[in-house]
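Source file: model_32.csv. Holds: CSV, C-alpha atoms.
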chain,number,residue,atom,x,y,z
A,1,MET,CA,37.2,29.4,-21.7
A,2,ALA,CA,38.3,27.0,-19.0
A,3,GLN,CA,35.9,24.3,-17.9
A,4,PRO,CA,34.6,24.6,-14.3
A,5,LYS,CA,35.9,22.1,-11.9
A,6,PRO,CA,33.6,19.3,-10.7
A,7,LYS,CA,32.4,19.8,-7.2
A,8,VAL,CA,32.4,16.7,-5.1
A,9,ILE,CA,30.9,15.8,-1.7
A,10,LYS,CA,32.4,12.7,-0.2
A,11,ASP,CA,33.1,11.0,3.2
A,12,TYR,CA,36.7,11.1,4.3
A,13,ASP,CA,37.1,7.3,4.4
A,14,LYS,CA,35.8,7.1,0.8
A,15,LEU,CA,38.5,9.4,-0.6
A,16,ASP,CA,41.6,8.0,-2.4
A,17,GLN,CA,44.6,7.7,-0.1
A,18,GLU,CA,46.5,10.3,-2.1
A,19,VAL,CA,43.7,12.9,-1.5
A,20,GLN,CA,43.6,12.0,2.2
A,21,GLU,CA,47.3,12.6,2.5
A,22,GLN,CA,47.0,15.9,0.7
A,23,ILE,CA,44.3,16.9,3.1
A,24,LYS,CA,46.5,16.0,6.0
A,25,LEU,CA,49.2,18.2,4.6
A,26,ALA,CA,46.7,21.0,4.0
A,27,TYR,CA,45.3,20.7,7.6
A,28,PRO,CA,48.3,19.7,9.7
A,29,TYR,CA,46.6,20.9,13.0
A,30,GLY,CA,43.3,19.0,12.5
A,31,PHE,CA,40.1,19.5,10.6
A,32,ALA,CA,37.4,20.6,13.1
A,33,LYS,CA,38.4,24.3,13.1
A,34,HIS,CA,38.0,24.4,9.3
A,35,LEU,CA,34.6,22.9,8.8
A,36,ILE,CA,32.0,24.8,6.9
A,37,PHE,CA,28.2,24.4,7.2
A,38,PHE,CA,25.7,24.3,4.4
A,39,THR,CA,22.2,23.2,3.7
A,40,ASN,CA,21.9,20.1,1.6
A,41,LYS,CA,19.2,19.3,-1.0
A,42,ASP,CA,16.9,17.9,1.7
A,43,GLY,CA,17.1,21.2,3.7
A,44,LEU,CA,19.4,19.6,6.4
A,45,LYS,CA,22.4,21.5,7.8
A,46,VAL,CA,25.6,19.5,7.3
A,47,SER,CA,29.2,20.2,7.8
A,48,ALA,CA,32.2,19.5,5.6
A,49,LEU,CA,35.9,20.2,5.2
A,50,PRO,CA,36.7,22.2,2.0
A,51,PHE,CA,39.7,21.1,-0.1
A,52,GLU,CA,40.6,22.0,-3.6
A,53,THR,CA,42.8,20.4,-6.2
A,54,ASP,CA,43.6,21.4,-9.7
A,55,GLU,CA,40.9,19.0,-10.9
A,56,LYS,CA,38.1,19.2,-8.2
A,57,HIS,CA,36.5,21.2,-5.4
A,58,TYR,CA,35.9,18.8,-2.5
A,59,LEU,CA,33.6,19.1,0.4
A,60,VAL,CA,34.6,16.3,2.7
A,61,ARG,CA,31.6,15.4,4.7
A,62,MET,CA,32.2,15.2,8.5
A,63,THR,CA,30.9,16.4,11.8
A,64,GLN,CA,33.1,18.0,14.4
A,65,GLN,CA,33.1,14.8,16.4
A,66,GLU,CA,34.1,12.8,13.3
A,67,ALA,CA,36.8,15.4,12.6
A,68,HIS,CA,38.3,14.9,16.0
A,69,GLN,CA,38.0,11.1,15.9
A,70,ILE,CA,39.7,10.9,12.5
A,71,ILE,CA,42.7,12.7,13.8
A,72,GLN,CA,42.7,10.8,17.1
A,73,ASP,CA,42.7,7.4,15.2
A,74,ASP,CA,45.3,8.5,12.5
A,75,ALA,CA,48.8,7.3,13.2
A,76,ASP,CA,50.1,10.3,11.1
A,77,TYR,CA,49.0,12.7,13.9
A,78,ASN,CA,50.4,12.9,17.4
A,79,GLU,CA,48.6,13.0,20.7
A,80,LEU,CA,48.1,16.8,20.4
A,81,GLY,CA,46.3,16.4,17.1
A,82,GLN,CA,49.2,17.7,15.0
A,83,LEU,CA,50.6,16.1,11.9
A,84,LYS,CA,53.9,14.4,12.9
A,85,ASP,CA,57.0,15.9,11.3
A,86,GLU,CA,58.0,12.7,9.6
A,87,SER,CA,54.6,12.3,8.0
A,88,ARG,CA,54.6,16.0,7.0
A,89,LEU,CA,58.0,15.7,5.4
A,90,ASP,CA,57.0,12.5,3.6
A,91,PHE,CA,53.9,14.1,2.2
A,92,GLU,CA,55.7,17.3,1.2
A,93,ASP,CA,58.2,15.3,-0.7
A,94,LYS,CA,55.5,13.2,-2.3
A,95,TYR,CA,53.3,16.1,-3.4
A,96,ALA,CA,56.0,18.8,-4.0
A,97,ASP,CA,55.2,18.9,-7.7
A,98,LEU,CA,51.5,19.9,-7.1
A,99,ASP,CA,51.3,23.7,-7.4
A,100,TYR,CA,48.0,23.9,-5.5
A,101,MET,CA,49.5,22.4,-2.4
A,102,SER,CA,51.7,25.5,-1.8
A,103,GLU,CA,48.6,27.4,-0.7
A,104,TYR,CA,47.8,24.9,2.0
A,105,ILE,CA,51.2,24.3,3.5
A,106,THR,CA,51.8,26.4,6.7
A,107,GLU,CA,55.1,27.1,8.4
A,108,GLN,CA,53.8,28.1,11.8
A,109,PRO,CA,51.3,26.4,14.1
A,110,GLU,CA,47.8,27.9,14.1
A,111,GLU,CA,47.0,29.6,17.3
A,112,ASN,CA,43.9,31.0,19.0
A,113,LEU,CA,41.4,29.2,16.7
A,114,GLU,CA,38.2,28.2,18.2
A,115,ASP,CA,37.0,24.6,17.9
A,116,ILE,CA,33.7,25.9,16.5
A,117,PRO,CA,34.0,27.6,13.1
A,118,ASP,CA,31.9,30.5,12.0
A,119,GLU,CA,28.9,29.2,10.1
A,120,SER,CA,28.5,30.0,6.5
A,121,SER,CA,25.7,28.8,4.3
A,122,VAL,CA,26.2,27.5,0.8
A,123,GLY,CA,22.7,27.0,-0.7
A,124,GLY,CA,21.8,24.6,-3.4
A,125,VAL,CA,24.4,22.0,-2.7
A,126,GLU,CA,23.2,18.4,-3.1
A,127,ASP,CA,24.3,15.8,-0.6
A,128,ASP,CA,25.8,13.3,-3.0
A,129,ASP,CA,29.2,12.7,-4.8
A,130,ASP,CA,28.7,15.6,-7.2
A,131,PHE,CA,27.2,19.0,-6.3

Rewrite the structure of this file - the entire thing - as structure tokens.
Amino acid sequence: MAQPKPKVIKDYDKLDQEVQEQIKLAYPYGFAKHLIFFTNKDGLKVSALPFETDEKHYLVRMTQQEAHQIIQDDADYNELGQLKDESRLDFEDKYADLDYMSEYITEQPEENLEDIPDESSVGGVEDDDDF
């Protein structure tokens, strides 16, 4: 029987560059629309961006404001908050051998998505590096 993947909660800026690049490729139109909400071990409601690799399940801790700011400050995204074509192509070439990336790569721009995601609750998640 396969071992379950470790579940990790981390801040975006504390992730390895390779994981950040894969997240950019997975979410080429920004992060804010994809945030999920859950209650941490202290009973506080927090938000995070889900991302899964072959090795780990990530919840990348960020608020909607932080999600917008990360994109705004990132040179890989244009002024519309979309991953630049040259960055996308570089990342696709770099991570083409990763099977799990195929589920994240989109061909068409996302349309009609609200900035505020539907709330979902994931109970029992601790607010540290492993959950």

**Selected residue of minimal separation from Asp11 of chain A among A:Arg61, A:Lys84, A:His68, A:Lys94, counting all atoms listed in the file** =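 Selected residue with least distance to Asp11 of chain A: A:Arg61.
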
**Prompt:** What is the atom CA of Asn78 of chain A to atom CA of Thr53 of chain A distance in Å?
**Reply:** 25.9 Å

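Shortest atom-to-atom contact with Gln22 of chain A among A:Pro50, A:Asp99, A:Phe91, A:Val60: A:Phe91, counting only C-alpha atoms.
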
**Prompt:** With all atoms listed in the file as the basis for distance, which of A:Glu103, A:Asp54, A:Asp76, A:Asp97 is at the shortest distance from Lys24 of chain A?
**Reply:**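 Checking each of A:Glu103, A:Asp54, A:Asp76, A:Asp97 against Lys24 of chain A, counting all atoms listed in the file, the winner is A:Asp76.
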
**Shortest interatomic distance to Leu15 of chain A - which of A:Gly81, A:Leu59, A:Lys45, A:His34, counting only C-alpha atoms** =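 Ranking A:Gly81, A:Leu59, A:Lys45, A:His34 by distance to Leu15 of chain A, first place goes to A:Leu59.
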
**Residue neighbourhood Ser87 of chain A, 9 Å, all atoms listed in the file, exclusion window fewer than 5 positions, as a list in words** =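 Selected residues are Leu25, Asp76, Tyr77 and Glu92 of chain A.
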
**Prompt:** Mind pulling up the distance from atom CA of Tyr58 of chain A to atom CA of Asp42 of chain A?
**Reply:**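 Between atom CA of Asp42 of chain A and atom CA of Tyr58 of chain A the gap is 19.5 Å.
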
**Item:** For Lys14 of chain A, the nearest of the candidates A:Leu89, A:Ser102, A:Met62, A:Tyr95, counting all atoms listed in the file
**Value:**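 Residue with the minimum atom-to-atom distance to Lys14 of chain A: A:Met62.
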
**Request:** Enter the distance from atom CA of Gln64 of chain A to atom CA of Phe37 of chain A, in Å, rounded to one decimal.
**Result:**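 These atoms are spaced 10.8 Å apart.
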
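Minimum atom-to-atom distances from A:Lys7, A:Leu35, A:Asp74, A:Leu83 to Glu52 of chain A were compared using only C-alpha atoms, and the lowest value belongs to A:Lys7.
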